[in-house]
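The structure under discussion appears below in the form of structure tokens.
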Amino acid sequence: MRAMVIDDSRAMRMILKRIVSKLNFEATEAGDGQEALDLLATMTEVPELALIDWNMPNMNGLEFVTRVRSDPRLREMTLVMVTTESEQSQIVRALAAGAHEYVIKPFTEGAMIEKLALLGLVPTGANS
Amino acid sequence: MSVDVVVKEGDLAEMVEQVWVSYLDPEGVNPLVPTGDAKQPSEVHSSVSITGSWTGHVVYASSIKAAKMAAAAFLAMEVEEIGVEDLSDVLGELANIVGGNVKAMLPPGCFLSLPQVVMAPDSATKYPSAERISGLYGVWDGEPVSVSMWQSRDGRNEGESA
């Protein structure tokens with residue numbers, strides 16, 4: 001399984017990469033939505049999972065989700081927003097744009113693994 | 001004009017506790033201990049600005065040693081390995097996380113800026129036309145750490161910078 005971590009914070013990318021690597025994902029990273037799209041365009045195999053920050057320079061996470069959903073080649077990716085945007089209206093916007101799940105920062109490793117288990121990307125109980 | 005908002009020290013403490021549990025002290029052995037000392041010194045500051053129905057700044061400040069400890073915890077590195085870029089990135093993310101959670105407590109229609117990091121003591125860090133309305137002051141492993149909230153006095157969106 002492959003995962004792409006998209007966040008303008010290197011620290012947050014490292015935390016997320018540590019978590020998905022523990023779950024045996026092969027992780028790649030990008031610093032914003034545009035960089036992620038550029039990277040995806042070069043990949044022969046599309047990652048199954050993307051963990052996406054909302055507030056980023058150049059292209060934010062919401063626009064990235066919208067662009068991915070409109071691209072038939074990328075449509076099968078599971079998209080998880082990982083963000084400080086915690087208002088209900090923002091969550092609704094992200095889900096309406098095509099995100100599958102929403103994780104609010106700060107999050108624990110266990111909470112992230114539970115979300116991925118709910119999405120069927122890791123076995124239930126991977127957190128224990 | 002921005003609306004008056006009360007985000008109390010207890011609200012900030014709850015958010016900070018979540019940050020500590022999630023990233024800085026997952027084992028729960030070294031929490032931030034509140035001191036209430038608003039005059040404690042700080043050497044590095046990171047902030048995010050909030051505009052819209054409320055205007056102001058959320059500021060994370062600490063000693064350099066506490067900032068390096070935070071960066072080491074985030075990046076899974078040794079404190080001695082932490083460089084300026086590591087400090088800047090982690091402090092910015094801390095301000096972003098706390099600021100984003102503060103924004104969620106504000107009336108709808110607020111927007112969060114990208115973080116800004118200043119490696120300078122509190123005496124050199126000014127927030128023009130803003131006054132502190134709330135703050136959490138404490139020590140982490142003996143080192144000063146604070147999170148404070150500054151509201152623009154006139155509520156205007158233009159001409160403000162953190």
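Here, A, B, ... name the chains of the structure tokens in the order displayed, residue numbers run from 1 inside each chain, and ligands are numbered from 1 in the same displayed order.
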
Only residues of chain B matter here; which ones have an atom within 8 Å of chain A, counting only C-alpha atoms? Give them as a list in words. Gln18, Val19, Val21, Ser22, Tyr23, Ala71, Phe74, Leu75, Asp86, Asp89, Val90, Gly92, Glu93, Asn96, Ile97, Gly100, Asn101, Ala104 and Leu114 of chain B

Could you give me, as JSON, numbers by chain, each residue of segment 33-119 of chain B that DSSP assigns to strand (DSSP E or B) when run on this structure's backbone? {"B": [33, 34, 44, 45, 46, 47, 48, 49, 50, 51, 52, 56, 57, 58, 59, 60, 61, 62, 110, 111, 112, 116, 117, 118]}

Could you write out the selected residues, including C-alpha atoms, as a short mmCIF file (atom, residue, chain, number, x, y, z; two decimals), in the first residue's frame?
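Below is the file again.cif, written as the result:
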data_model
loop_
_atom_site.label_atom_id
_atom_site.label_comp_id
_atom_site.auth_asym_id
_atom_site.auth_seq_id
_atom_site.Cartn_x
_atom_site.Cartn_y
_atom_site.Cartn_z
CA VAL B 33 2.71 22.95 34.51
CA PRO B 34 0.77 26.24 34.75
CA VAL B 44 11.11 32.54 20.50
CA HIS B 45 7.59 33.36 19.32
CA SER B 46 5.30 31.90 16.72
CA SER B 47 1.92 33.31 15.87
CA VAL B 48 -1.04 33.06 13.58
CA SER B 49 -3.36 35.92 12.83
CA ILE B 50 -7.11 35.55 12.75
CA THR B 51 -9.26 37.88 10.67
CA GLY B 52 -12.97 38.12 9.99
CA GLY B 56 -6.24 39.28 16.54
CA HIS B 57 -3.37 36.89 17.07
CA VAL B 58 -2.64 33.64 18.85
CA VAL B 59 0.96 33.49 20.07
CA TYR B 60 3.03 30.51 21.21
CA ALA B 61 6.18 31.59 23.07
CA SER B 62 8.92 29.75 24.90
CA CYS B 110 -12.99 33.80 10.84
CA PHE B 111 -9.94 33.02 8.74
CA LEU B 112 -6.54 31.78 9.88
CA GLN B 116 4.94 33.36 11.41
CA VAL B 117 7.97 32.60 13.59
CA VAL B 118 10.20 35.17 15.25
#

Please identify all polymer residues within 10 Å of Glu48 of chain A, counting only C-alpha atoms, omitting same-chain residues fewer than 3 positions from it, and present them as a PyMOL selection string. chain A and resi 1-4+25+45+74-79+121

Would you put the residues from that selection into a file with N, CA and C atoms, as a PDB file, in the first residue's frame?
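The file below, result_24.pdb, is the result:
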ATOM      1  N   MET A   1       0.849  -1.200   0.000  1.00  0.00           N
ATOM      2  CA  MET A   1       0.000   0.000   0.000  1.00  0.00           C
ATOM      3  C   MET A   1       0.887   1.254   0.000  1.00  0.00           C
ATOM      4  N   ARG A   2       0.391   2.289  -0.637  1.00  0.00           N
ATOM      5  CA  ARG A   2       1.151   3.547  -0.709  1.00  0.00           C
ATOM      6  C   ARG A   2       0.307   4.692  -0.126  1.00  0.00           C
ATOM      7  N   ALA A   3       0.987   5.619   0.477  1.00  0.00           N
ATOM      8  CA  ALA A   3       0.302   6.794   1.036  1.00  0.00           C
ATOM      9  C   ALA A   3       1.081   8.049   0.682  1.00  0.00           C
ATOM     10  N   MET A   4       0.340   9.135   0.466  1.00  0.00           N
ATOM     11  CA  MET A   4       0.983  10.432   0.240  1.00  0.00           C
ATOM     12  C   MET A   4       0.579  11.375   1.371  1.00  0.00           C
ATOM     13  N   PHE A  25       2.667   1.226   5.112  1.00  0.00           N
ATOM     14  CA  PHE A  25       2.482   2.009   3.886  1.00  0.00           C
ATOM     15  C   PHE A  25       3.856   2.494   3.416  1.00  0.00           C
ATOM     16  N   GLU A  45       1.928   4.313 -10.384  1.00  0.00           N
ATOM     17  CA  GLU A  45       0.929   3.721  -9.491  1.00  0.00           C
ATOM     18  C   GLU A  45       0.452   4.796  -8.502  1.00  0.00           C
ATOM     19  N   LEU A  74      -7.173   9.534 -10.698  1.00  0.00           N
ATOM     20  CA  LEU A  74      -6.912   9.641  -9.257  1.00  0.00           C
ATOM     21  C   LEU A  74      -8.144   9.343  -8.404  1.00  0.00           C
ATOM     22  N   ARG A  75      -9.234   9.060  -9.062  1.00  0.00           N
ATOM     23  CA  ARG A  75     -10.522   9.015  -8.368  1.00  0.00           C
ATOM     24  C   ARG A  75     -10.603   7.947  -7.277  1.00  0.00           C
ATOM     25  N   GLU A  76      -9.795   6.907  -7.386  1.00  0.00           N
ATOM     26  CA  GLU A  76      -9.882   5.812  -6.409  1.00  0.00           C
ATOM     27  C   GLU A  76      -9.124   6.095  -5.118  1.00  0.00           C
ATOM     28  N   MET A  77      -8.378   7.200  -5.083  1.00  0.00           N
ATOM     29  CA  MET A  77      -7.613   7.512  -3.864  1.00  0.00           C
ATOM     30  C   MET A  77      -8.555   7.781  -2.689  1.00  0.00           C
ATOM     31  N   THR A  78      -8.182   7.277  -1.533  1.00  0.00           N
ATOM     32  CA  THR A  78      -8.906   7.614  -0.305  1.00  0.00           C
ATOM     33  C   THR A  78      -8.291   8.883   0.262  1.00  0.00           C
ATOM     34  N   LEU A  79      -9.130   9.879   0.471  1.00  0.00           N
ATOM     35  CA  LEU A  79      -8.638  11.204   0.869  1.00  0.00           C
ATOM     36  C   LEU A  79      -9.061  11.504   2.310  1.00  0.00           C
ATOM     37  N   LEU A 121      -8.464   0.609   5.595  1.00  0.00           N
ATOM     38  CA  LEU A 121      -7.106   0.652   5.057  1.00  0.00           C
ATOM     39  C   LEU A 121      -6.109  -0.079   5.933  1.00  0.00           C
TER      40      LEU A 121
END

Per-residue DSSP, segment 12-138 of chain B, filtered to alpha helix (DSSP H), as an MDAnalysis selection string: chainID B and resid 12:19 64:75 84:103

Please, could you write that set of residues out with N, CA and C atoms as a compact mmCIF listing (two decimals), in the first residue's frame?
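out_30.txt, freshly written:
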# COMPACT_ATOMS: atom_id res chain seq x y z
N LEU B 12 -7.65 27.53 26.79
CA LEU B 12 -6.30 27.40 26.23
C LEU B 12 -5.60 26.19 26.84
N ALA B 13 -5.80 26.01 28.14
CA ALA B 13 -5.14 24.88 28.83
C ALA B 13 -5.60 23.55 28.25
N GLU B 14 -6.88 23.47 27.94
CA GLU B 14 -7.43 22.23 27.37
C GLU B 14 -6.79 21.93 26.02
N MET B 15 -6.67 22.98 25.19
CA MET B 15 -6.06 22.80 23.87
C MET B 15 -4.60 22.39 24.00
N VAL B 16 -3.90 23.09 24.89
CA VAL B 16 -2.47 22.82 25.07
C VAL B 16 -2.26 21.40 25.58
N GLU B 17 -3.13 20.97 26.47
CA GLU B 17 -3.01 19.61 26.99
C GLU B 17 -3.14 18.59 25.85
N GLN B 18 -4.05 18.86 24.93
CA GLN B 18 -4.22 17.95 23.78
C GLN B 18 -2.96 17.91 22.92
N VAL B 19 -2.33 19.07 22.74
CA VAL B 19 -1.09 19.14 21.96
C VAL B 19 0.01 18.33 22.65
N ILE B 64 14.34 29.10 24.17
CA ILE B 64 14.94 28.33 23.07
C ILE B 64 15.05 26.86 23.46
N LYS B 65 15.38 26.60 24.71
CA LYS B 65 15.53 25.21 25.15
C LYS B 65 14.20 24.46 25.02
N ALA B 66 13.09 25.12 25.45
CA ALA B 66 11.78 24.47 25.33
C ALA B 66 11.40 24.27 23.87
N ALA B 67 11.78 25.24 23.02
CA ALA B 67 11.48 25.12 21.60
C ALA B 67 12.25 23.94 21.00
N LYS B 68 13.49 23.77 21.42
CA LYS B 68 14.28 22.64 20.91
C LYS B 68 13.71 21.31 21.42
N MET B 69 13.24 21.31 22.67
CA MET B 69 12.62 20.08 23.20
C MET B 69 11.37 19.74 22.40
N ALA B 70 10.59 20.76 22.06
CA ALA B 70 9.36 20.53 21.27
C ALA B 70 9.72 20.00 19.89
N ALA B 71 10.71 20.61 19.27
CA ALA B 71 11.12 20.18 17.93
C ALA B 71 11.64 18.75 17.96
N ALA B 72 12.41 18.43 18.99
CA ALA B 72 12.96 17.08 19.10
C ALA B 72 11.84 16.05 19.24
N ALA B 73 10.81 16.40 20.04
CA ALA B 73 9.69 15.48 20.23
C ALA B 73 8.91 15.29 18.93
N PHE B 74 8.65 16.40 18.23
CA PHE B 74 7.92 16.33 16.97
C PHE B 74 8.67 15.52 15.92
N LEU B 75 9.96 15.79 15.81
CA LEU B 75 10.74 15.26 14.69
C LEU B 75 11.45 13.96 15.03
N VAL B 84 17.92 25.58 13.24
CA VAL B 84 16.98 26.72 13.19
C VAL B 84 15.76 26.39 12.33
N GLU B 85 15.99 25.70 11.22
CA GLU B 85 14.86 25.36 10.34
C GLU B 85 13.87 24.43 11.04
N ASP B 86 14.42 23.49 11.83
CA ASP B 86 13.56 22.57 12.60
C ASP B 86 12.72 23.37 13.60
N LEU B 87 13.38 24.29 14.30
CA LEU B 87 12.69 25.11 15.30
C LEU B 87 11.55 25.89 14.64
N SER B 88 11.88 26.53 13.55
CA SER B 88 10.90 27.37 12.86
C SER B 88 9.68 26.56 12.41
N ASP B 89 9.96 25.41 11.85
CA ASP B 89 8.87 24.58 11.34
C ASP B 89 7.96 24.09 12.46
N VAL B 90 8.55 23.61 13.54
CA VAL B 90 7.74 23.05 14.63
C VAL B 90 7.00 24.16 15.38
N LEU B 91 7.67 25.28 15.64
CA LEU B 91 6.98 26.38 16.33
C LEU B 91 5.81 26.89 15.49
N GLY B 92 6.02 26.97 14.19
CA GLY B 92 4.94 27.40 13.31
C GLY B 92 3.76 26.45 13.36
N GLU B 93 4.05 25.16 13.38
CA GLU B 93 2.96 24.18 13.42
C GLU B 93 2.24 24.23 14.76
N LEU B 94 2.98 24.46 15.84
CA LEU B 94 2.33 24.57 17.15
C LEU B 94 1.37 25.76 17.17
N ALA B 95 1.82 26.89 16.64
CA ALA B 95 0.93 28.06 16.58
C ALA B 95 -0.28 27.78 15.69
N ASN B 96 -0.03 27.09 14.61
CA ASN B 96 -1.12 26.75 13.68
C ASN B 96 -2.16 25.86 14.35
N ILE B 97 -1.70 24.87 15.11
CA ILE B 97 -2.63 23.95 15.76
C ILE B 97 -3.43 24.67 16.85
N VAL B 98 -2.73 25.42 17.69
CA VAL B 98 -3.45 26.12 18.76
C VAL B 98 -4.37 27.19 18.16
N GLY B 99 -3.85 27.93 17.18
CA GLY B 99 -4.66 28.97 16.54
C GLY B 99 -5.90 28.41 15.86
N GLY B 100 -5.74 27.28 15.21
CA GLY B 100 -6.88 26.66 14.53
C GLY B 100 -7.95 26.24 15.52
N ASN B 101 -7.52 25.75 16.66
CA ASN B 101 -8.49 25.34 17.67
C ASN B 101 -9.13 26.54 18.37
N VAL B 102 -8.38 27.63 18.52
CA VAL B 102 -8.98 28.87 19.03
C VAL B 102 -10.03 29.37 18.04
N LYS B 103 -9.69 29.34 16.78
CA LYS B 103 -10.63 29.81 15.74
C LYS B 103 -11.97 29.08 15.82

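Picture a line from atom CA of Leu136 of chain B to atom CA of Ser53 of chain B; it runs 23.3 Å.
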